[in-house]
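**Student:** The structure's right below; bear with me while I get my questions together.
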Amino acid sequence: MRRRYSLLLAVSLLMSLSACPMVDPIDPVPLPSYRPQLMARSQLEQAVAVLPPRELHNTGKIYFRDPYLLINEQYEGLHIINNQDPTHPQPVAFLRIPGNVDVAMQGSILYADSGSDLLTFDMRDMAHPSLLNRLREAVPELPMPQNGLVPPQYQAANRPADAVVIGWHKL
């Protein structure tokens with residue numbers, strides 16, 4: 001008897017599932033398209049420079065090295081700010097690093113990406129960082145900021161041989 005009730009319950013449940021109305025599929029959300037911002041390798045290697053402080057506008061990661069703040073300006077470089085008095089932070093310099101999105105420090109050495117290259121800087125004098133080394137193609141190509149499509153004319157196979165991706169523009 002118990003087995004019949006279980007079987008009857010199972011058949012009832014299966015029949016109720018088949019009675020559900022068909023639901024229209026949800027339209028897929030289109031993926032955005034991106035165009036890589038390219039720079040010739042020779043230009044990329046000459047573009048690293050210490051510049052006067054400038055406005056922050058598209059910031060990314062923040063790195064604290066007492067008493068300094070290092071604030072990434074996505075794809076452009078690093079703001080160096082003296083935070084000795086947190087109520088009055090003082091901009092010190094802007095370290096231009098095309099294609100930069102990440103930094104790390106160990107001791108007085110700053111590691112920063114520049115497109116697909118890894119740069120090391122001597123930061124003992126925060127107002128005057130000096131480039132120590134560039135390791136070409138040390139990291140993967142700079143990824144898009146989110147999932148998206150790259151039109152055929154902008155894909156890697158159709159770019160100049162000496163081009164390095166230093167950013168992305170949404171189309």
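In the structure tokens, each chain is lettered A, B, ... as it comes, each chain's residues begin at 1, and ligands are numbered from 1 in order of appearance.
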Could you name the residues that touch A:Val165 at 9 Å or less, counting only C-alpha atoms, but leaving out those on the same chain fewer than 5 positions away, as a compact mmCIF listing (two decimals) with C-alpha atoms, in the first residue's frame?

**Tutor:**
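Heads up, here's the output in selection-v2.txt:
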# COMPACT_ATOMS: atom_id res chain seq x y z
CA PRO A 36 42.94 47.96 -27.57
CA GLN A 37 44.96 51.12 -27.03
CA LEU A 38 48.30 50.36 -28.64
CA MET A 39 51.76 51.87 -28.31
CA GLY A 99 49.74 50.37 -19.37
CA GLY A 115 51.64 46.62 -20.69
CA SER A 116 53.23 43.16 -20.77
CA GLU A 141 48.90 40.99 -22.35
CA LEU A 142 46.83 43.56 -20.48
CA PRO A 143 43.29 42.11 -20.28

**Student:** Name all residues at most 9 Å from A:Met144 (count only C-alpha atoms; drop same-chain ones fewer than 4 positions away) and give them as a list of chain:residue names.

**Tutor:**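 These residues fall inside the cut-off: A:Tyr34, A:Pro36, A:Gly148, A:Gly167, A:Trp168, A:His169.
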
**Student:** Find, counting only C-alpha atoms, the residue in A:Asp27, A:Asp102, A:Asp117, A:Asp125 that gets nearest to A:Gln74.

**Tutor:** A:Asp102

**Student:** Let's see if you can do this: from backbone DSSP, list all strand (DSSP E or B) residues in stretch 21-150 of chain A, as a ChimeraX atom specification.

**Tutor:** /A:33-40,49-51,59-65,68-73,77-82,90-96,103-106,109-114,117-122,130-135,149

**Student:** For a quick check of understanding, using only C-alpha atoms, which of A:Ala93, A:His128, A:Leu110, A:Asn72 has the smallest distance to A:Leu51?

**Tutor:**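 Residue with the minimum atom-to-atom distance to A:Leu51: A:Ala93.
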
**Student:** Which one is closest to A:Asp162: A:Arg35, A:Arg41, A:Lys61, A:Arg4? Count only C-alpha atoms.

**Tutor:**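 Using only C-alpha atoms, A:Asp162 sits closest to A:Arg41.
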
**Student:** Can you tell me, as a PyMOL selection string, what residues are no more than 9 Å from A:Leu119 when counting only C-alpha atoms, ignoring any on the same chain fewer than 3 positions away?

**Tutor:** chain A and resi 110-114+131-136

**Student:** Could you give me, as a list in words, the residues within 12 Å of A:Ser33, counting only C-alpha atoms and dropping anything in the same chain fewer than 4 positions from it?

**Tutor:**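 Everything that qualifies: Met144, Pro145, Gln146, Asn147, Gly148, Leu149, Val150, Pro151, Pro152, Gln153, Tyr154, Gln155, Trp168, His169, Lys170 and Leu171 of chain A.
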
**Student:** Counting only C-alpha atoms, what is within 10 Å of A:Asp66, bar same-chain residues fewer than 4 positions away, as a PyMOL selection string?

**Tutor:** chain A and resi 82-84

**Student:** Which neighbours of A:Tyr63 fall inside 9 Å, counting only C-alpha atoms, when residues of the same chain fewer than 3 positions from it are skipped, and could you give them as a list in words?

**Tutor:** Tyr68, Leu69, Leu70, Ile71, Asn72, Val103, Ala104 and Met105 of chain A
